[in-house]
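Okay, query.txt is below, compact mmCIF, N, CA and C atoms:
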```txt
# COMPACT_ATOMS: atom_id res chain seq x y z
N MET A 196 173.97 142.28 64.88
CA MET A 196 172.82 142.08 65.75
C MET A 196 173.08 142.59 67.17
N TYR A 197 174.30 143.02 67.44
CA TYR A 197 174.63 143.51 68.78
C TYR A 197 173.71 144.63 69.27
N PRO A 198 173.37 145.63 68.44
CA PRO A 198 172.44 146.67 68.94
C PRO A 198 171.07 146.10 69.30
N PHE A 199 170.58 145.16 68.50
CA PHE A 199 169.28 144.56 68.82
C PHE A 199 169.34 143.78 70.12
N TRP A 200 170.40 143.00 70.32
CA TRP A 200 170.51 142.23 71.56
C TRP A 200 170.66 143.15 72.77
N SER A 201 171.36 144.26 72.59
CA SER A 201 171.45 145.24 73.68
C SER A 201 170.06 145.77 74.03
N PHE A 202 169.30 146.11 73.01
CA PHE A 202 167.93 146.57 73.19
C PHE A 202 167.11 145.54 73.96
N LEU A 203 167.15 144.29 73.50
CA LEU A 203 166.32 143.24 74.09
C LEU A 203 166.74 142.90 75.52
N VAL A 204 168.03 142.77 75.76
CA VAL A 204 168.52 142.45 77.11
C VAL A 204 168.16 143.57 78.08
N ALA A 205 168.32 144.82 77.67
CA ALA A 205 167.97 145.96 78.53
C ALA A 205 166.48 145.96 78.85
N LEU A 206 165.66 145.69 77.85
CA LEU A 206 164.20 145.65 78.03
C LEU A 206 163.81 144.58 79.04
N VAL A 207 164.31 143.37 78.84
CA VAL A 207 163.96 142.25 79.72
C VAL A 207 164.53 142.45 81.12
N LEU A 208 165.78 142.86 81.21
CA LEU A 208 166.41 143.04 82.52
C LEU A 208 165.70 144.12 83.33
N ALA A 209 165.36 145.23 82.70
CA ALA A 209 164.65 146.30 83.40
C ALA A 209 163.31 145.81 83.93
N GLN A 210 162.59 145.06 83.12
CA GLN A 210 161.29 144.55 83.56
C GLN A 210 161.44 143.53 84.70
N VAL A 211 162.43 142.66 84.61
CA VAL A 211 162.64 141.64 85.65
C VAL A 211 163.09 142.29 86.96
N MET A 212 163.82 143.39 86.87
CA MET A 212 164.32 144.07 88.07
C MET A 212 163.19 144.73 88.87
N LYS A 213 162.12 145.14 88.22
CA LYS A 213 161.06 145.93 88.86
C LYS A 213 160.48 145.31 90.13
N PRO A 214 160.10 144.03 90.13
CA PRO A 214 159.54 143.47 91.38
C PRO A 214 160.56 143.43 92.52
N PHE A 215 161.82 143.20 92.20
CA PHE A 215 162.85 143.14 93.23
C PHE A 215 163.13 144.52 93.82
N ILE A 216 163.17 145.52 92.97
CA ILE A 216 163.40 146.89 93.45
C ILE A 216 162.20 147.36 94.27
N ALA A 217 161.01 147.03 93.83
CA ALA A 217 159.81 147.40 94.59
C ALA A 217 159.83 146.73 95.97
N LYS A 218 160.23 145.48 96.02
CA LYS A 218 160.33 144.76 97.29
C LYS A 218 161.37 145.42 98.19
N ALA A 219 162.51 145.81 97.63
CA ALA A 219 163.56 146.47 98.42
C ALA A 219 163.08 147.81 98.97
N ARG A 220 162.14 148.45 98.27
CA ARG A 220 161.57 149.72 98.73
C ARG A 220 160.45 149.53 99.75
N GLY A 221 160.11 148.29 100.04
CA GLY A 221 159.09 148.03 101.05
C GLY A 221 157.74 147.62 100.50
N ASP A 222 157.60 147.56 99.18
CA ASP A 222 156.33 147.12 98.59
C ASP A 222 156.26 145.60 98.58
N LYS A 223 155.08 145.09 98.30
CA LYS A 223 154.88 143.65 98.21
C LYS A 223 155.51 143.13 96.91
N PHE A 224 156.19 141.98 96.98
CA PHE A 224 156.79 141.38 95.79
C PHE A 224 155.69 140.79 94.93
N SER A 225 155.72 141.13 93.65
CA SER A 225 154.74 140.59 92.71
C SER A 225 155.37 140.46 91.33
N TRP A 226 155.33 139.26 90.78
CA TRP A 226 155.87 139.05 89.44
C TRP A 226 155.07 139.82 88.40
N LYS A 227 153.83 140.20 88.72
CA LYS A 227 153.01 140.97 87.79
C LYS A 227 153.69 142.29 87.43
N MET A 228 154.49 142.81 88.35
CA MET A 228 155.20 144.06 88.08
C MET A 228 156.20 143.91 86.93
N ALA A 229 156.65 142.69 86.69
CA ALA A 229 157.60 142.46 85.60
C ALA A 229 156.94 142.62 84.24
N LEU A 230 155.63 142.60 84.20
CA LEU A 230 154.90 142.77 82.95
C LEU A 230 154.20 144.12 82.87
N ALA A 231 154.34 144.93 83.90
CA ALA A 231 153.62 146.20 83.99
C ALA A 231 154.45 147.35 83.45
N SER A 232 153.76 148.41 83.08
CA SER A 232 154.46 149.64 82.72
C SER A 232 154.64 150.49 83.96
N GLY A 233 155.53 151.46 83.89
CA GLY A 233 155.82 152.28 85.05
C GLY A 233 156.82 151.60 85.95
N GLY A 234 157.26 152.29 86.97
CA GLY A 234 158.19 151.72 87.94
C GLY A 234 159.65 151.95 87.58
N PHE A 235 160.51 151.53 88.50
CA PHE A 235 161.95 151.72 88.36
C PHE A 235 162.62 150.41 88.04
N PRO A 236 163.50 150.39 87.05
CA PRO A 236 163.85 151.42 86.08
C PRO A 236 162.89 151.38 84.89
N SER A 237 162.88 152.44 84.13
CA SER A 237 162.05 152.50 82.92
C SER A 237 162.64 151.57 81.86
N SER A 238 161.87 150.56 81.48
CA SER A 238 162.35 149.64 80.46
C SER A 238 162.35 150.30 79.08
N HIS A 239 161.44 151.25 78.87
CA HIS A 239 161.44 151.99 77.61
C HIS A 239 162.76 152.76 77.46
N SER A 240 163.13 153.46 78.52
CA SER A 240 164.37 154.24 78.48
C SER A 240 165.59 153.33 78.40
N ALA A 241 165.57 152.24 79.15
CA ALA A 241 166.70 151.31 79.14
C ALA A 241 166.92 150.73 77.75
N SER A 242 165.86 150.27 77.12
CA SER A 242 166.00 149.62 75.82
C SER A 242 166.38 150.63 74.73
N ALA A 243 165.75 151.81 74.74
CA ALA A 243 166.08 152.82 73.72
C ALA A 243 167.52 153.32 73.89
N THR A 244 167.95 153.50 75.13
CA THR A 244 169.31 153.95 75.38
C THR A 244 170.33 152.87 75.03
N ALA A 245 170.03 151.63 75.35
CA ALA A 245 170.94 150.53 75.00
C ALA A 245 171.09 150.43 73.48
N LEU A 246 169.98 150.56 72.77
CA LEU A 246 170.04 150.53 71.31
C LEU A 246 170.89 151.69 70.79
N CYS A 247 170.61 152.87 71.28
CA CYS A 247 171.33 154.08 70.84
C CYS A 247 172.83 153.98 71.14
N PHE A 248 173.16 153.61 72.35
CA PHE A 248 174.57 153.57 72.74
C PHE A 248 175.32 152.47 72.01
N SER A 249 174.68 151.32 71.80
CA SER A 249 175.35 150.25 71.07
C SER A 249 175.55 150.63 69.60
N VAL A 250 174.61 151.36 69.03
CA VAL A 250 174.80 151.86 67.67
C VAL A 250 175.97 152.84 67.64
N GLY A 251 176.06 153.69 68.66
CA GLY A 251 177.18 154.62 68.75
C GLY A 251 178.52 153.92 68.86
N ILE A 252 178.57 152.86 69.66
CA ILE A 252 179.82 152.10 69.81
C ILE A 252 180.18 151.43 68.49
N LEU A 253 179.21 150.81 67.86
CA LEU A 253 179.45 150.03 66.65
C LEU A 253 179.70 150.89 65.42
N GLU A 254 178.89 151.92 65.25
CA GLU A 254 178.94 152.74 64.03
C GLU A 254 179.63 154.08 64.24
N HIS A 255 180.06 154.34 65.44
CA HIS A 255 180.71 155.58 65.88
C HIS A 255 179.66 156.65 66.21
N PHE A 256 180.02 157.47 67.16
CA PHE A 256 179.10 158.45 67.70
C PHE A 256 178.91 159.67 66.80
N ASP A 257 179.62 159.73 65.70
CA ASP A 257 179.42 160.82 64.76
C ASP A 257 178.72 160.37 63.47
N SER A 258 178.14 159.16 63.50
CA SER A 258 177.48 158.62 62.32
C SER A 258 176.03 159.09 62.23
N THR A 259 175.49 159.00 61.03
CA THR A 259 174.10 159.37 60.80
C THR A 259 173.16 158.43 61.54
N ILE A 260 173.47 157.15 61.54
CA ILE A 260 172.58 156.18 62.20
C ILE A 260 172.58 156.39 63.71
N PHE A 261 173.70 156.82 64.28
CA PHE A 261 173.70 157.15 65.70
C PHE A 261 172.79 158.34 65.96
N ALA A 262 172.85 159.36 65.10
CA ALA A 262 171.97 160.53 65.26
C ALA A 262 170.51 160.13 65.21
N VAL A 263 170.17 159.22 64.30
CA VAL A 263 168.79 158.74 64.19
C VAL A 263 168.39 157.98 65.46
N SER A 264 169.26 157.10 65.93
CA SER A 264 168.93 156.33 67.13
C SER A 264 168.89 157.22 68.37
N LEU A 265 169.70 158.26 68.42
CA LEU A 265 169.67 159.21 69.52
C LEU A 265 168.34 159.97 69.53
N ALA A 266 167.91 160.41 68.35
CA ALA A 266 166.61 161.10 68.26
C ALA A 266 165.49 160.18 68.73
N PHE A 267 165.52 158.92 68.32
CA PHE A 267 164.54 157.92 68.76
C PHE A 267 164.56 157.77 70.27
N ALA A 268 165.74 157.66 70.86
CA ALA A 268 165.86 157.48 72.31
C ALA A 268 165.35 158.70 73.07
N VAL A 269 165.65 159.88 72.57
CA VAL A 269 165.17 161.11 73.23
C VAL A 269 163.64 161.16 73.20
N ILE A 270 163.05 160.81 72.07
CA ILE A 270 161.58 160.81 71.96
C ILE A 270 160.98 159.79 72.93
N VAL A 271 161.55 158.60 72.98
CA VAL A 271 161.03 157.56 73.87
C VAL A 271 161.13 157.99 75.33
N CYS A 272 162.27 158.54 75.73
CA CYS A 272 162.46 158.98 77.12
C CYS A 272 161.54 160.14 77.45
N TYR A 273 161.41 161.09 76.54
CA TYR A 273 160.51 162.23 76.76
C TYR A 273 159.07 161.75 76.92
N ASP A 274 158.66 160.84 76.04
CA ASP A 274 157.30 160.31 76.09
C ASP A 274 157.05 159.58 77.41
N ALA A 275 158.00 158.75 77.83
CA ALA A 275 157.84 158.00 79.08
C ALA A 275 157.75 158.93 80.28
N MET A 276 158.53 160.00 80.25
CA MET A 276 158.65 160.89 81.40
C MET A 276 157.56 161.96 81.41
N ASN A 277 157.02 162.32 80.30
CA ASN A 277 156.06 163.42 80.25
C ASN A 277 154.68 162.98 79.78
N VAL A 278 154.56 162.62 78.52
CA VAL A 278 153.26 162.34 77.95
C VAL A 278 152.57 161.20 78.69
N ARG A 279 153.24 160.06 78.81
CA ARG A 279 152.62 158.90 79.47
C ARG A 279 152.45 159.13 80.97
N TYR A 280 153.40 159.81 81.60
CA TYR A 280 153.29 160.09 83.04
C TYR A 280 152.06 160.95 83.33
N TYR A 281 151.89 162.02 82.57
CA TYR A 281 150.76 162.92 82.83
C TYR A 281 149.43 162.31 82.40
N ALA A 282 149.45 161.42 81.42
CA ALA A 282 148.22 160.68 81.09
C ALA A 282 147.81 159.83 82.28
N GLY A 283 148.77 159.19 82.92
CA GLY A 283 148.48 158.41 84.13
C GLY A 283 147.96 159.27 85.26
N ARG A 284 148.54 160.44 85.44
CA ARG A 284 148.06 161.37 86.48
C ARG A 284 146.63 161.82 86.19
N ASN A 285 146.32 162.06 84.91
CA ASN A 285 144.95 162.44 84.55
C ASN A 285 143.96 161.33 84.87
N ILE A 286 144.36 160.10 84.65
CA ILE A 286 143.49 158.97 84.98
C ILE A 286 143.26 158.93 86.49
N TYR A 287 144.31 159.13 87.28
CA TYR A 287 144.20 159.13 88.74
C TYR A 287 143.22 160.22 89.20
N ILE A 288 143.37 161.41 88.67
CA ILE A 288 142.51 162.52 89.05
C ILE A 288 141.06 162.26 88.64
N THR A 289 140.87 161.72 87.45
CA THR A 289 139.52 161.41 86.98
C THR A 289 138.85 160.37 87.87
N LYS A 290 139.61 159.33 88.25
CA LYS A 290 139.04 158.30 89.13
C LYS A 290 138.68 158.89 90.50
N GLN A 291 139.51 159.80 91.02
CA GLN A 291 139.21 160.45 92.30
C GLN A 291 137.95 161.31 92.17
N LEU A 292 137.81 162.02 91.08
CA LEU A 292 136.63 162.84 90.84
C LEU A 292 135.37 161.98 90.82
N ILE A 293 135.44 160.83 90.16
CA ILE A 293 134.29 159.92 90.12
C ILE A 293 133.95 159.43 91.52
N ARG A 294 134.98 159.08 92.32
CA ARG A 294 134.72 158.64 93.71
C ARG A 294 134.06 159.75 94.52
N ASP A 295 134.54 160.98 94.35
CA ASP A 295 133.95 162.11 95.06
C ASP A 295 132.50 162.33 94.66
N LEU A 296 132.21 162.22 93.38
CA LEU A 296 130.84 162.39 92.90
C LEU A 296 129.95 161.25 93.38
N GLN A 297 130.51 160.05 93.48
CA GLN A 297 129.75 158.90 94.00
C GLN A 297 129.32 159.15 95.44
N GLU A 298 130.25 159.63 96.25
CA GLU A 298 129.96 159.87 97.66
C GLU A 298 128.85 160.89 97.85
N LYS A 299 128.74 161.83 96.96
CA LYS A 299 127.73 162.88 97.06
C LYS A 299 126.47 162.52 96.28
N ASP A 300 126.41 161.31 95.73
CA ASP A 300 125.28 160.86 94.92
C ASP A 300 124.94 161.82 93.79
N VAL A 301 125.94 162.34 93.16
CA VAL A 301 125.74 163.29 92.07
C VAL A 301 125.58 162.56 90.73
N ILE A 302 126.22 161.39 90.60
CA ILE A 302 126.14 160.67 89.34
C ILE A 302 125.53 159.29 89.55
N ASP A 303 124.91 158.79 88.49
CA ASP A 303 124.32 157.46 88.49
C ASP A 303 125.41 156.46 88.10
N MET A 304 125.71 155.55 88.99
CA MET A 304 126.81 154.60 88.77
C MET A 304 126.40 153.37 87.97
N ASP A 305 125.20 153.38 87.40
CA ASP A 305 124.75 152.23 86.61
C ASP A 305 125.40 152.16 85.24
N ASP A 306 125.98 153.24 84.79
CA ASP A 306 126.63 153.27 83.49
C ASP A 306 127.90 152.41 83.55
N PRO A 307 128.07 151.46 82.63
CA PRO A 307 129.24 150.57 82.65
C PRO A 307 130.58 151.29 82.48
N VAL A 308 130.56 152.51 81.98
CA VAL A 308 131.81 153.24 81.79
C VAL A 308 132.52 153.46 83.13
N TYR A 309 131.76 153.53 84.22
CA TYR A 309 132.35 153.74 85.54
C TYR A 309 132.96 152.48 86.12
N GLU A 310 132.67 151.35 85.52
CA GLU A 310 133.21 150.07 85.99
C GLU A 310 134.46 149.66 85.23
N GLU A 311 134.78 150.39 84.18
CA GLU A 311 135.92 150.03 83.34
C GLU A 311 137.23 150.17 84.12
N LYS A 312 138.06 149.15 84.04
CA LYS A 312 139.37 149.15 84.69
C LYS A 312 140.33 149.98 83.85
N VAL A 313 140.93 150.98 84.47
CA VAL A 313 141.87 151.85 83.78
C VAL A 313 143.13 151.91 84.62
N LYS A 314 144.26 151.70 83.99
CA LYS A 314 145.54 151.69 84.69
C LYS A 314 146.01 153.11 84.94
N GLU A 315 146.41 153.39 86.17
CA GLU A 315 146.87 154.73 86.53
C GLU A 315 148.34 154.95 86.24
N VAL A 316 149.15 153.92 86.39
CA VAL A 316 150.60 154.08 86.20
C VAL A 316 150.93 153.74 84.75
N LEU A 317 151.17 154.77 83.97
CA LEU A 317 151.50 154.57 82.56
C LEU A 317 152.94 154.99 82.27
N GLY A 318 153.37 156.05 82.89
CA GLY A 318 154.68 156.61 82.58
C GLY A 318 155.64 156.55 83.76
N HIS A 319 156.65 157.39 83.70
CA HIS A 319 157.73 157.32 84.67
C HIS A 319 158.09 158.69 85.22
N LYS A 320 158.61 158.66 86.44
CA LYS A 320 159.23 159.84 87.03
C LYS A 320 160.61 160.00 86.41
N ARG A 321 161.18 161.19 86.58
CA ARG A 321 162.51 161.45 86.01
C ARG A 321 163.56 160.47 86.51
N SER A 322 163.51 160.14 87.79
CA SER A 322 164.49 159.21 88.36
C SER A 322 164.37 157.82 87.73
N GLU A 323 163.15 157.41 87.39
CA GLU A 323 162.95 156.10 86.77
C GLU A 323 163.50 156.09 85.34
N VAL A 324 163.33 157.20 84.63
CA VAL A 324 163.88 157.32 83.28
C VAL A 324 165.41 157.37 83.33
N LEU A 325 165.95 158.15 84.26
CA LEU A 325 167.40 158.22 84.41
C LEU A 325 167.98 156.85 84.75
N GLY A 326 167.34 156.13 85.66
CA GLY A 326 167.79 154.78 85.99
C GLY A 326 167.77 153.86 84.78
N GLY A 327 166.73 153.98 83.95
CA GLY A 327 166.66 153.19 82.72
C GLY A 327 167.77 153.55 81.76
N CYS A 328 168.07 154.83 81.64
CA CYS A 328 169.15 155.27 80.74
C CYS A 328 170.51 154.74 81.20
N ILE A 329 170.76 154.82 82.49
CA ILE A 329 172.02 154.30 83.03
C ILE A 329 172.12 152.79 82.78
N LEU A 330 171.03 152.08 83.04
CA LEU A 330 171.01 150.63 82.81
C LEU A 330 171.27 150.34 81.32
N GLY A 331 170.65 151.10 80.43
CA GLY A 331 170.84 150.89 78.99
C GLY A 331 172.28 151.05 78.56
N VAL A 332 172.93 152.10 79.06
CA VAL A 332 174.34 152.33 78.72
C VAL A 332 175.20 151.17 79.25
N LEU A 333 174.95 150.75 80.48
CA LEU A 333 175.73 149.65 81.07
C LEU A 333 175.55 148.36 80.28
N ILE A 334 174.32 148.06 79.89
CA ILE A 334 174.05 146.85 79.11
C ILE A 334 174.79 146.91 77.77
N ALA A 335 174.74 148.06 77.10
CA ALA A 335 175.42 148.20 75.80
C ALA A 335 176.92 147.98 75.95
N ILE A 336 177.50 148.52 77.02
CA ILE A 336 178.95 148.36 77.24
C ILE A 336 179.30 146.91 77.56
N VAL A 337 178.55 146.30 78.46
CA VAL A 337 178.83 144.91 78.85
C VAL A 337 178.69 143.98 77.66
N LEU A 338 177.62 144.11 76.91
CA LEU A 338 177.41 143.22 75.75
C LEU A 338 178.47 143.45 74.68
N TYR A 339 178.95 144.66 74.54
CA TYR A 339 180.00 144.93 73.55
C TYR A 339 181.26 144.12 73.90
N TYR A 340 181.59 144.07 75.18
CA TYR A 340 182.83 143.39 75.58
C TYR A 340 182.67 141.88 75.66
N ILE A 341 181.47 141.36 75.75
CA ILE A 341 181.31 139.90 75.82
C ILE A 341 180.89 139.30 74.48
N GLN A 342 180.63 140.13 73.49
CA GLN A 342 180.21 139.57 72.19
C GLN A 342 181.36 138.95 71.42
```
Could you quickly redo this structure as structure tokens?
Amino acid sequence: MYPFWSFLVALVLAQVMKPFIAKARGDKFSWKMALASGGFPSSHSASATALCFSVGILEHFDSTIFAVSLAFAVIVCYDAMNVRYYAGRNIYITKQLIRDLQEKDVIDMDDPVYEEKVKEVLGHKRSEVLGGCILGVLIAIVLYYIQ
């Protein structure tokens, strides 16, 4: 169960760290950030990397299961850094376009679709993914030695 616990501890720790890191960067402290996606470090990257690295430690880095977990981790990190990040950017741009059209009275704002709450921060910057990966490796190593 060591790989699973590495995964879970990395996921929870990354999420709990987010409000504190945001506060250290000058943002307002909010526990809501611990439940949000986006931000530093990436909990997706941390948990996938912790799982992958702990499998490598336990089953050896030349095993088939390590290769499978590595492929999984690469997909998760790529998705967090690219697909989800750019989806969030598209939402931001779309919301700005709607605001611009509102100011010019080009669109009728009575349609409920314009009132729908849509989250802009979905993915991660490269530094957030890298921070998650480093955290994941550290968690896997620490848990290996304390198990």
Please write as a list in words the list of polymer residues whose atoms come within 6.5 Å of (175.4, 151.5, 73.4), counting all atoms listed in the file and keeping to the coordinates of the file. Thr244, Ala245, Leu246, Cys247, Phe248, Ser249, Val250, Gly251, Ile252, Gly331, Val332, Ile334, Ala335 and Ile336 of chain A
Interatomic distance (Å, one decimal) between atom N of A:Gln291 and atom N of A:Gln210: 28.5 Å
Can you list, as a PyMOL selection string, every protein, DNA or RNA residue that comes within 6.5 Å of A:Lys320 when you count all atoms listed in the file, leaving out same-chain residues fewer than 2 positions away? chain A and resi 275-276+280+318+322-325
Report, in Å with one decimal, the straight-line distance from atom CA of A:Ser240 to atom CA of A:Gly327.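 About the pair atom CA of A:Ser240 and atom CA of A:Gly327: they are 4.9 Å apart.
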So which bits of stretch 219-248 of chain A end up alpha helix (DSSP H) when you DSSP the backbone, as a PyMOL selection string? chain A and resi 219+238-248
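Across the structure, atom C of A:His255 and atom CA of A:Tyr339 are spaced 13.8 Å apart.
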From the options A:Ile341, A:Leu296, A:Asp305, A:His319, which residue's atoms come nearest to A:Val278, counting all atoms listed in the file? A:His319
Which residues come within 12 Å of A:Val207, counting only C-alpha atoms, excluding same-chain residues fewer than 2 positions away, as a list in words?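 My reading of the contact set: Trp200, Ser201, Phe202, Leu203, Val204, Ala205, Ala209, Gln210, Val211, Met212, Lys213, Ala229, Leu230, Ala231, Pro236, Ser237, Ser238, His239, Ala241, Ser242, Ala245, Gly327, Leu330, Gly331 and Ile334 of chain A.
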Considering only N, CA and C atoms, state which residue in the set A:Gly234, A:Ala243, A:Glu311, A:Asp300 is at the smallest distance from A:Leu265.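 When distances to A:Leu265 are compared using only N, CA and C atoms, the smallest one comes from A:Ala243.
Using only C-alpha atoms for every distance, the candidate list A:Lys218, A:Lys227, A:Lys312, A:Arg321 yields A:Lys312 as the residue closest to A:Tyr287.
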Give, as AutoDock Vina command-line options, the centre coordinates and the x, y and z edge lengths in Å to one decimal for an axis-aligned box around all listed atoms of stretch 239-258 of chain A, padded by 3 Å on each side.
```
--center_x 171.1 --center_y 155.2 --center_z 70.7 --size_x 25.3 --size_y 17.2 --size_z 22.9
```
